[in-house]
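Below is one structure, written out as structure tokens; the observations come after it.
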There are 4 protein chains.
Amino acid sequence: MSVRAAVLSGPGDLSVEAFPDPGLGPGDAVVRMELSGICGTDKHIFSGEGHLYAGTEMEAQAAFPLIPGHENVGVIEELGRDAGRTLEFYGEPLSAGDRVVMCPDVVCGRCWYCRHGRMLWCVNARCYGVTLTCAEAPHLYGGWAERMVLRHDAFVYKVPEGMPAELAVLVEPFVVTQVLDEARGHSALGGQGFRGGDTIVVQGAGALGLIFVLRARIMGAGDIIVVDDAPERLARARGVGASHTLSLAETTAEERLGTVRELTGGRGADVVVDCAGVPAALPEGLELARKGATYIETGAFVDAGSVEINPHRHLCAKSIRLIGATNHAYTGYGPALKLLERYGDSAGFRSIITHTIPFERAEEAITTSLRPEAGKVLVEGGVS
Amino acid sequence: MSVRAAVLSGPGDLSVEAFPDPGLGPGDAVVRMELSGICGTDKHIFSGEGHLYAGTEMEAQAAFPLIPGHENVGVIEELGRDAGRTLEFYGEPLSAGDRVVMCPDVVCGRCWYCRHGRMLWCVNARCYGVTLTCAEAPHLYGGWAERMVLRHDAFVYKVPEGMPAELAVLVEPFVVTQVLDEARGHSALGGQGFRGGDTIVVQGAGALGLIFVLRARIMGAGDIIVVDDAPERLARARGVGASHTLSLAETTAEERLGTVRELTGGRGADVVVDCAGVPAALPEGLELARKGATYIETGAFVDAGSVEINPHRHLCAKSIRLIGATNHAYTGYGPALKLLERYGDSAGFRSIITHTIPFERAEEAITTSLRPEAGKVLVEGGVS
Amino acid sequence: MSVRAAVLSGPGDLSVEAFPDPGLGPGDAVVRMELSGICGTDKHIFSGEGHLYAGTEMEAQAAFPLIPGHENVGVIEELGRDAGRTLEFYGEPLSAGDRVVMCPDVVCGRCWYCRHGRMLWCVNARCYGVTLTCAEAPHLYGGWAERMVLRHDAFVYKVPEGMPAELAVLVEPFVVTQVLDEARGHSALGGQGFRGGDTIVVQGAGALGLIFVLRARIMGAGDIIVVDDAPERLARARGVGASHTLSLAETTAEERLGTVRELTGGRGADVVVDCAGVPAALPEGLELARKGATYIETGAFVDAGSVEINPHRHLCAKSIRLIGATNHAYTGYGPALKLLERYGDSAGFRSIITHTIPFERAEEAITTSLRPEAGKVLVEGGVS
Amino acid sequence: MSVRAAVLSGPGDLSVEAFPDPGLGPGDAVVRMELSGICGTDKHIFSGEGHLYAGTEMEAQAAFPLIPGHENVGVIEELGRDAGRTLEFYGEPLSAGDRVVMCPDVVCGRCWYCRHGRMLWCVNARCYGVTLTCAEAPHLYGGWAERMVLRHDAFVYKVPEGMPAELAVLVEPFVVTQVLDEARGHSALGGQGFRGGDTIVVQGAGALGLIFVLRARIMGAGDIIVVDDAPERLARARGVGASHTLSLAETTAEERLGTVRELTGGRGADVVVDCAGVPAALPEGLELARKGATYIETGAFVDAGSVEINPHRHLCAKSIRLIGATNHAYTGYGPALKLLERYGDSAGFRSIITHTIPFERAEEAITTSLRPEAGKVLVEGGVS
């Protein structure tokens, strides 16, 4: 029995191919795919911007040919030897029929970062749908497919009873936003970090930006200001909790700075999160930040070029605290699933999903996701 | 024109007295009182447990005679010279008719702690309604009264437009709960501090415990387990977001430990907050905590005696992180008012108020607050 | 060829026994022992206080019969398959003749704590010389012996070129003191945590206390005050950097508090570290701490009984930050070896060693270590 | 009796002028100047780069005419009313003849940052020798002079008994380096922040860079690598504890990166501190940092232009933690004086001083300080 999947052979080159039935090694499993979210990185790679982890030991290119899809939810179909006992991250037993999600990064466990419990910075990590090529057996390393293989060394999480696939599929980008927890203030005094009631600016109202708005709302933010150019995206941001939106198309940089300062007693935002995916967002975001603010640079997952900043003005004079955040913590899935279970519906997570398209129409899915009015676009997998 | 106020002349000795019209010094103001919340400390002092800040440079006794009431909201009636420009903490202008709250601690600004921005630990602090006696002019240092004086060196905060007194009066204890923000995890890894989705145990479902439940819910807690003996209090806790309640009257310590472990994969709670006000809560709370958990000791505001603990079992073997928390941060009022404005109604803050009684019936108010079924009891001030 | 080792069959019952030559599994290695330090836990177990990790999932008793010795340095004699490539923590290649140290805790890698990078809190950890019995093959799980087996799943570290065994043997307790790094202040403001120039009290001048003095000195402490009852220990503390010593025998608790306050502008110590090993140290140490001080409870490794504290006076009113610290971080060995290499001789580490006794005279070694004038006592292993 | 002082009337325009005897207001004092250190900011202002605090509410230009000198030590000559009781930061009494240092920033105490204990970020701060012009009475707002006025609202610190002026004059830049304490790791795990044994790169071996080397050594750093172009500066760095130096003149950027990686197991430095004062240092420093490293931007005190960085490569992919650090904490003086008292001589602080020149030859002093071989240049004040 062969397995069909969408394959990206190079920038812009998507097709559907058939792969041989994967043999299961000890600890491995096969899931029947349900849904796979399209992420900014997928769009960049499709568009030819596939230079990743630049400047680090793991500098890499997207590993063509590849089966896209790294935000995956599916249902266990078959378990290799011991997998039912060993595969789940928290030690939960797994059986056929269980719905699971996974962390797409497979880590080495032995590099300096892994040794220090910082596996999210593993220098040997390979990522489903991005740097794990489907040219290598067992091939099924991506979610835009009928089935996907869960390697015994992957981090797999059982989805809580009753949580639908449409909610569970959002867990991966939701874990990315956990960096806001890392920015929490260390003291009751304020002045640094993030504190309940703080003003947050989110640059970019794509899916990740919207999920940051949701995270900030769940964490007790005060004002949340979202900056984007597409009116549909800004409307969607207001729908999930943004208190103010600023259109790049209809305002000048000075006007945006003026608004943010007006809302913050003249100071600027306490926290700014860059989810814009374009280098120019960096200097503007730093201007919007107050002295001692936290700036989270999490939108620059691929190399999209350089930008000029002024070390005095943007970093030193502001006493900025900047947190770069590549990847996401494999330990965040449990808490994220718990939060989705408790707050997912009331907070309106599913409202950010605008399209669901079968993997056989992968190109339509990705071109849809590139349109300014798109929110989260999901690719439907599985056997029809 | 004299001003009437409730006066506590010693444990159990409450009466209504008249004071002369206070003269206003530069920067001072007078408010017409609206509401004043009864706090655990008020109850302890009334009951004869008025030994405070033991073991520190500011060790003190309740300063009889005193006008009780340190959780106050009122309306500006008269402003001394410059006060309209200088009194408000954030520099907001004040006019007659403005609703304000205040931090009851008046600090020196010069001791080592004040010099380090830790004014909440000021060794010369004196507290409205507790250690500021009404024997000294201008006397009106407490909220159970027609009027109260705002000293020029007090921290005073303008209440946001449209926020009713019933919500604003809760701001002081709500700021106390900001210590949960201080316990926020430092890393995305988890294992220490507080992180979205974490399991929290709150010991004691009095008003402070309930407000901790509200704070935890606003901050994105996972399961919240509340322990108390009064069924009415436990019901109230469920009403404001507790996911589980454990009755001290109906369960054994072993059963409670069993339940907490069952809900946490066998580990114990990530965070335990003591709001019980009795020493015996400490060892039980430490048993309920997991390895590396954060334990917040914030319920022991007065000296209520000692208790045995085992340094190995309760502290070292558990690698506990214990945060003692006296007083509260004067910098927390702005964020707390912002949170009350945004989440106060949806979270159900006002549901914890069970009684509102005029200051002329102060003894009824305090004895009501001592009854197990009481939630937050408010004392109504002002001129009828 | 058999291997001889000291065996503790129960409290006070030490003898020398011979074990069969261990077969080496894949990834394992054998070291010829050089030196093994005697730790407080060894003394407690010998004296019958072997109740460990009370109140946690890993609650245990010392696993008699056992070969004592968990602070070990030795030289690689034989390497199992792949061990030369896989055994060293940082990926360094290992060959016969290399000097190595090891972390005595062998962890599971799969429990919730291990999953969160907090392997030092592993609930399934078993410790060489303490909870790994020599009744199980390959038996050689302790350092008071001719040879010791390094399990493939142990954390093993290559000693830097030229570092003598007498210095390397101190690395394990030196890693324990790394908790001071964890207490570092989060802000330039001071008031919390540890900051260069701070005043530190160390309770107990046994070997661990002395190593805390050395750590504090290396980290830029200001005044270091050591409390103990033995004059020889206090002299040794002064020799490694204590600026003041207080004799329990010659001063009252009030006098000690008076001295600490006099040295700190009336406040109390910024950091207090308990290495005393007796419960009574806890309340005294908390009295010596200032408001907002950090208290490190690291001396209560075994259950030595309970003590009364006052939650108001000792925890809440002081706004204490208490860090319980069981075990030590396997990630601390690299930095600790680096520090020993750079500062070990200038700081005077080796001056704390007072006796070196062959493992064949193990009982003499441990009874020597129990004498008040003893500093660090080393047990010599290896083949004579 | 008039007072003579060096006056900078504009870029490059230095002369000696006489000012009228200052009248002392309540709380003020006059010191007879001893020494005043020349800082990078002084050099920038002399060279015409006097644009400060760009992008913040306190954006300013150097306030010509001004008396340079903000790193000052002197001896109390006269005290205004109450000043002997109120002027010293920690409450120490002051008398004529006492040696004192001061924090050059005079803060408002009322802005949002001051209110939050973050007075180092005061938006109304004015700085002796920089933004406090000598055109305003009492004029004597800088240290290159016979006498200087200590305002009642300045932060003044008594120098410990017996500490010579040559050591005390270094306290201000030494407090600047306290930001390293702020970067301390939060956990025993490592991977973030600063931890004993870590590898630090210091960019720039001017006086501030050298003092960072001294601070890092006192704090227990492992390898310290210093980058500069002047051979004299690099030699001086080795003299105060640098373990490796890299000449910008003799190596390529690739070679420097190669050396840093070789010394760190291929990873890059744990902490990088920019004291270079040129924008180009930023991207190079970020290249030298490992994943998750801390980058301290403290050398860009004045606006010296922009530089291109790549948000993906330099910030996001590296998960960098960047701390911008303008000004310095007024709370750091006590600890810094303590550290200078204890470690100042053994660490070799005074070896960084290369020239001492009377204020009457101010132009010679500043041109000397601009020469590549200069270390710390001091200006001698006082009455000859």
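In the structure tokens, chains take letters A, B, ... by order of appearance, with residues numbered from 1 within each chain and ligands from 1 in the order shown.
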
Find the residues in chain D near chain A: any atom within 8 Å counts, using only C-alpha atoms. Write them as number ranges by chain.
D: 52-57, 113, 116-118, 121, 189-191, 266-267, 279, 282, 287, 290-292, 297-326

Contacts of Ala168 of chain C within 9 Å, only C-alpha atoms, excl. fewer than 5 positions in-chain, as a PyMOL selection string:
chain C and resi 72-73+100-101+159-160+163+337+340

Take the selection from the previous step and output its residues with N, CA, C and O atoms, as a PDB file, in the first residue's frame.
ATOM      1  N   ASN C  72      34.294  11.398  43.296  1.00  0.00           N
ATOM      2  CA  ASN C  72      35.344  10.500  42.841  1.00  0.00           C
ATOM      3  C   ASN C  72      36.195  11.059  41.707  1.00  0.00           C
ATOM      4  O   ASN C  72      35.683  11.709  40.804  1.00  0.00           O
ATOM      5  N   VAL C  73      37.471  10.764  41.789  1.00  0.00           N
ATOM      6  CA  VAL C  73      38.352  11.009  40.661  1.00  0.00           C
ATOM      7  C   VAL C  73      39.199   9.762  40.445  1.00  0.00           C
ATOM      8  O   VAL C  73      39.621   9.111  41.406  1.00  0.00           O
ATOM      9  N   VAL C 100      39.411  11.314  35.020  1.00  0.00           N
ATOM     10  CA  VAL C 100      38.005  11.737  34.900  1.00  0.00           C
ATOM     11  C   VAL C 100      37.366  11.885  36.278  1.00  0.00           C
ATOM     12  O   VAL C 100      37.803  11.286  37.253  1.00  0.00           O
ATOM     13  N   VAL C 101      36.319  12.721  36.297  1.00  0.00           N
ATOM     14  CA  VAL C 101      35.411  12.781  37.438  1.00  0.00           C
ATOM     15  C   VAL C 101      34.024  12.419  36.926  1.00  0.00           C
ATOM     16  O   VAL C 101      33.800  12.353  35.720  1.00  0.00           O
ATOM     17  N   VAL C 159      39.060  15.491  33.120  1.00  0.00           N
ATOM     18  CA  VAL C 159      39.726  16.510  33.938  1.00  0.00           C
ATOM     19  C   VAL C 159      40.729  17.256  33.052  1.00  0.00           C
ATOM     20  O   VAL C 159      41.434  16.622  32.248  1.00  0.00           O
ATOM     21  N   PRO C 160      40.804  18.596  33.154  1.00  0.00           N
ATOM     22  CA  PRO C 160      41.752  19.346  32.319  1.00  0.00           C
ATOM     23  C   PRO C 160      43.185  18.853  32.526  1.00  0.00           C
ATOM     24  O   PRO C 160      43.558  18.443  33.635  1.00  0.00           O
ATOM     25  N   MET C 163      45.643  19.058  35.872  1.00  0.00           N
ATOM     26  CA  MET C 163      44.998  19.267  37.167  1.00  0.00           C
ATOM     27  C   MET C 163      45.198  18.024  38.032  1.00  0.00           C
ATOM     28  O   MET C 163      44.799  16.933  37.642  1.00  0.00           O
ATOM     29  N   LEU C 337      35.113  22.807  36.762  1.00  0.00           N
ATOM     30  CA  LEU C 337      36.489  22.416  36.427  1.00  0.00           C
ATOM     31  C   LEU C 337      37.258  23.613  35.872  1.00  0.00           C
ATOM     32  O   LEU C 337      38.437  23.809  36.165  1.00  0.00           O
ATOM     33  N   LEU C 340      38.171  25.742  38.843  1.00  0.00           N
ATOM     34  CA  LEU C 340      39.259  25.125  39.619  1.00  0.00           C
ATOM     35  C   LEU C 340      40.584  25.301  38.894  1.00  0.00           C
ATOM     36  O   LEU C 340      41.627  25.530  39.511  1.00  0.00           O
TER      37      LEU C 340
END

Within 6 Å of segment 219-221 of chain B using only C-alpha atoms, minus same-chain residues under 4 positions, as a VMD selection string:
(chain A and resid 218 to 220) or (chain B and resid 196 to 198)

Gly332 of chain B: which residues within 12 Å, counting only C-alpha atoms, same-chain residues fewer than 2 positions away excluded, as a VMD selection string?
(chain A and resid 187 to 191 195 to 198) or (chain B and resid 89 to 90 102 to 103 120 155 to 157 171 to 182 327 to 330 334 to 339) or (chain D and resid 115 to 116)

In terms of the shortest atom-to-atom distance over only C-alpha atoms, which of A:Glu250, A:Asp274, A:Glu255, A:Asp153 is closest to Phe212 of chain A?
A:Asp274

Atom CA of Val106 of chain B to atom CA of Gly193 of chain A measures 26.9 Å

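Nearest residue to Thr331 of chain A among A:Arg126, A:Arg151, A:Met119, A:Ser2 is A:Met119, counting only C-alpha atoms.
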
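In the backbone-derived DSSP annotation, strand (DSSP E) within segment 142-256 of chain B comprises Arg147, Met148, Val149, Leu150, Phe155, Val156, Tyr157, Lys158, Ile200, Val201, Val202, Gln203, Ile224, Ile225, Val226, Val227, Asp228, His244, Thr245, Leu246 and Ser247 of chain B.
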
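From atom CA of Val149 of chain D back to atom CA of Ala135 of chain D, the distance works out to 13.9 Å.
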
What's around His152 of chain A at 12 Å? Count only C-alpha atoms, leave out sequence neighbours fewer than 5 positions away in its own chain, and write the answer as an mmCIF file with all heavy atoms, in the first residue's frame.
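Saved result, out02.cif, follows:
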data_model
loop_
_atom_site.group_PDB
_atom_site.id
_atom_site.type_symbol
_atom_site.label_atom_id
_atom_site.label_comp_id
_atom_site.auth_asym_id
_atom_site.auth_seq_id
_atom_site.Cartn_x
_atom_site.Cartn_y
_atom_site.Cartn_z
ATOM 1 N N LEU A 24 7.972 0.162 10.068
ATOM 2 C CA LEU A 24 8.091 0.815 11.366
ATOM 3 C C LEU A 24 9.225 0.234 12.183
ATOM 4 O O LEU A 24 9.229 -0.962 12.496
ATOM 5 C CB LEU A 24 6.794 0.671 12.152
ATOM 6 C CG LEU A 24 5.651 1.574 11.719
ATOM 7 C CD1 LEU A 24 4.517 1.493 12.725
ATOM 8 C CD2 LEU A 24 6.124 3.012 11.580
ATOM 9 N N GLY A 25 10.189 1.038 12.573
ATOM 10 C CA GLY A 25 11.239 0.598 13.481
ATOM 11 C C GLY A 25 10.719 0.606 14.915
ATOM 12 O O GLY A 25 9.623 1.091 15.193
ATOM 13 N N PRO A 26 11.527 0.090 15.843
ATOM 14 C CA PRO A 26 11.114 0.071 17.248
ATOM 15 C C PRO A 26 10.862 1.494 17.746
ATOM 16 O O PRO A 26 11.676 2.387 17.509
ATOM 17 C CB PRO A 26 12.324 -0.526 17.979
ATOM 18 C CG PRO A 26 13.191 -1.118 16.933
ATOM 19 C CD PRO A 26 12.878 -0.450 15.647
ATOM 20 N N GLY A 27 9.733 1.715 18.378
ATOM 21 C CA GLY A 27 9.425 3.016 18.953
ATOM 22 C C GLY A 27 8.782 3.980 17.984
ATOM 23 O O GLY A 27 8.321 5.042 18.388
ATOM 24 N N ASP A 28 8.746 3.654 16.708
ATOM 25 C CA ASP A 28 8.123 4.540 15.716
ATOM 26 C C ASP A 28 6.608 4.327 15.666
ATOM 27 O O ASP A 28 6.076 3.357 16.193
ATOM 28 C CB ASP A 28 8.688 4.260 14.316
ATOM 29 C CG ASP A 28 10.179 4.573 14.213
ATOM 30 O OD1 ASP A 28 10.710 5.262 15.096
ATOM 31 O OD2 ASP A 28 10.798 4.096 13.246
ATOM 32 N N ALA A 29 5.937 5.235 14.972
ATOM 33 C CA ALA A 29 4.497 5.077 14.771
ATOM 34 C C ALA A 29 4.092 5.737 13.459
ATOM 35 O O ALA A 29 4.837 6.528 12.894
ATOM 36 C CB ALA A 29 3.716 5.697 15.939
ATOM 37 N N VAL A 30 2.914 5.367 12.973
ATOM 38 C CA VAL A 30 2.335 6.026 11.807
ATOM 39 C C VAL A 30 1.029 6.684 12.218
ATOM 40 O O VAL A 30 0.241 6.093 12.955
ATOM 41 C CB VAL A 30 2.079 5.020 10.663
ATOM 42 C CG1 VAL A 30 1.173 5.631 9.605
ATOM 43 C CG2 VAL A 30 3.397 4.602 10.013
ATOM 44 N N LEU A 79 1.478 1.273 15.596
ATOM 45 C CA LEU A 79 2.564 1.537 16.537
ATOM 46 C C LEU A 79 3.649 0.483 16.390
ATOM 47 O O LEU A 79 3.362 -0.719 16.409
ATOM 48 C CB LEU A 79 2.034 1.502 17.974
ATOM 49 C CG LEU A 79 1.129 2.681 18.376
ATOM 50 C CD1 LEU A 79 0.204 2.289 19.515
ATOM 51 C CD2 LEU A 79 1.969 3.882 18.787
ATOM 52 N N GLY A 80 4.900 0.912 16.273
ATOM 53 C CA GLY A 80 6.019 -0.025 16.269
ATOM 54 C C GLY A 80 6.233 -0.592 17.662
ATOM 55 O O GLY A 80 5.609 -0.163 18.643
ATOM 56 N N ARG A 81 7.137 -1.543 17.758
ATOM 57 C CA ARG A 81 7.407 -2.199 19.033
ATOM 58 C C ARG A 81 7.708 -1.172 20.126
ATOM 59 O O ARG A 81 8.499 -0.252 19.926
ATOM 60 C CB ARG A 81 8.597 -3.161 18.888
ATOM 61 C CG ARG A 81 8.952 -3.907 20.169
ATOM 62 C CD ARG A 81 9.751 -5.157 19.895
ATOM 63 N NE ARG A 81 10.935 -4.891 19.084
ATOM 64 C CZ ARG A 81 12.109 -4.433 19.578
ATOM 65 N NH1 ARG A 81 12.250 -4.227 20.868
ATOM 66 N NH2 ARG A 81 13.127 -4.204 18.770
ATOM 67 N N ASP A 82 7.072 -1.290 21.262
ATOM 68 C CA ASP A 82 7.280 -0.434 22.449
ATOM 69 C C ASP A 82 6.746 0.982 22.301
ATOM 70 O O ASP A 82 6.708 1.725 23.305
ATOM 71 C CB ASP A 82 8.780 -0.313 22.803
ATOM 72 C CG ASP A 82 9.370 -1.626 23.290
ATOM 73 O OD1 ASP A 82 8.596 -2.439 23.801
ATOM 74 O OD2 ASP A 82 10.581 -1.811 23.145
ATOM 75 N N ALA A 83 6.381 1.402 21.109
ATOM 76 C CA ALA A 83 6.026 2.815 20.900
ATOM 77 C C ALA A 83 4.843 3.230 21.779
ATOM 78 O O ALA A 83 4.780 4.361 22.255
ATOM 79 C CB ALA A 83 5.721 3.089 19.433
ATOM 80 N N GLY A 84 3.923 2.325 22.001
ATOM 81 C CA GLY A 84 2.758 2.657 22.815
ATOM 82 C C GLY A 84 3.142 3.016 24.236
ATOM 83 O O GLY A 84 2.429 3.735 24.937
ATOM 84 N N ARG A 85 4.298 2.561 24.653
ATOM 85 C CA ARG A 85 4.753 2.774 26.016
ATOM 86 C C ARG A 85 5.797 3.888 26.103
ATOM 87 O O ARG A 85 5.955 4.527 27.142
ATOM 88 C CB ARG A 85 5.370 1.451 26.521
ATOM 89 C CG ARG A 85 5.623 1.320 27.987
ATOM 90 C CD ARG A 85 6.063 -0.121 28.325
ATOM 91 N NE ARG A 85 7.125 -0.606 27.465
ATOM 92 C CZ ARG A 85 8.421 -0.254 27.571
ATOM 93 N NH1 ARG A 85 8.805 0.583 28.518
ATOM 94 N NH2 ARG A 85 9.327 -0.741 26.744
ATOM 95 N N THR A 86 6.521 4.135 25.007
ATOM 96 C CA THR A 86 7.693 5.009 25.094
ATOM 97 C C THR A 86 7.598 6.303 24.293
ATOM 98 O O THR A 86 8.379 7.223 24.515
ATOM 99 C CB THR A 86 8.954 4.276 24.581
ATOM 100 O OG1 THR A 86 8.735 3.926 23.204
ATOM 101 C CG2 THR A 86 9.237 3.031 25.388
ATOM 102 N N LEU A 87 6.655 6.391 23.362
ATOM 103 C CA LEU A 87 6.715 7.497 22.406
ATOM 104 C C LEU A 87 6.189 8.816 22.971
ATOM 105 O O LEU A 87 6.670 9.892 22.622
ATOM 106 C CB LEU A 87 5.943 7.110 21.129
ATOM 107 C CG LEU A 87 6.048 8.059 19.944
ATOM 108 C CD1 LEU A 87 7.488 8.289 19.516
ATOM 109 C CD2 LEU A 87 5.236 7.520 18.772
ATOM 110 N N GLU A 88 5.183 8.733 23.856
ATOM 111 C CA GLU A 88 4.549 9.968 24.308
ATOM 112 C C GLU A 88 5.465 10.714 25.282
ATOM 113 O O GLU A 88 6.063 10.108 26.179
ATOM 114 C CB GLU A 88 3.204 9.655 24.983
ATOM 115 C CG GLU A 88 2.140 10.723 24.766
ATOM 116 C CD GLU A 88 2.185 11.836 25.810
ATOM 117 O OE1 GLU A 88 2.803 11.617 26.893
ATOM 118 O OE2 GLU A 88 1.623 12.918 25.573
ATOM 119 N N PHE A 89 5.547 12.005 25.117
ATOM 120 C CA PHE A 89 6.500 12.826 25.854
ATOM 121 C C PHE A 89 6.351 12.712 27.365
ATOM 122 O O PHE A 89 7.331 12.657 28.102
ATOM 123 C CB PHE A 89 6.303 14.290 25.436
ATOM 124 C CG PHE A 89 7.267 15.241 26.054
ATOM 125 C CD1 PHE A 89 8.551 15.389 25.543
ATOM 126 C CD2 PHE A 89 6.916 16.018 27.148
ATOM 127 C CE1 PHE A 89 9.456 16.289 26.111
ATOM 128 C CE2 PHE A 89 7.809 16.919 27.722
ATOM 129 C CZ PHE A 89 9.081 17.047 27.196
ATOM 130 N N MET A 102 2.789 16.734 17.441
ATOM 131 C CA MET A 102 4.210 16.481 17.650
ATOM 132 C C MET A 102 5.002 17.778 17.532
ATOM 133 O O MET A 102 4.576 18.728 16.880
ATOM 134 C CB MET A 102 4.743 15.487 16.628
ATOM 135 C CG MET A 102 4.846 16.073 15.239
ATOM 136 S SD MET A 102 5.549 14.908 14.026
ATOM 137 C CE MET A 102 7.173 14.617 14.708
ATOM 138 N N VAL A 106 13.446 17.276 15.628
ATOM 139 C CA VAL A 106 14.015 16.072 16.206
ATOM 140 C C VAL A 106 15.437 16.413 16.629
ATOM 141 O O VAL A 106 16.239 16.854 15.806
ATOM 142 C CB VAL A 106 14.004 14.913 15.193
ATOM 143 C CG1 VAL A 106 14.604 13.661 15.816
ATOM 144 C CG2 VAL A 106 12.585 14.657 14.715
ATOM 145 N N VAL A 107 15.731 16.246 17.917
ATOM 146 C CA VAL A 107 17.001 16.733 18.453
ATOM 147 C C VAL A 107 17.959 15.590 18.734
ATOM 148 O O VAL A 107 17.567 14.420 18.777
ATOM 149 C CB VAL A 107 16.760 17.559 19.737
ATOM 150 C CG1 VAL A 107 15.841 18.735 19.441
ATOM 151 C CG2 VAL A 107 16.218 16.691 20.850
#

Which of these residues is nearest to Ser369 of chain B, using only C-alpha atoms: B:Ala137, B:Ala235, B:Cys39, B:Leu150?
B:Cys39
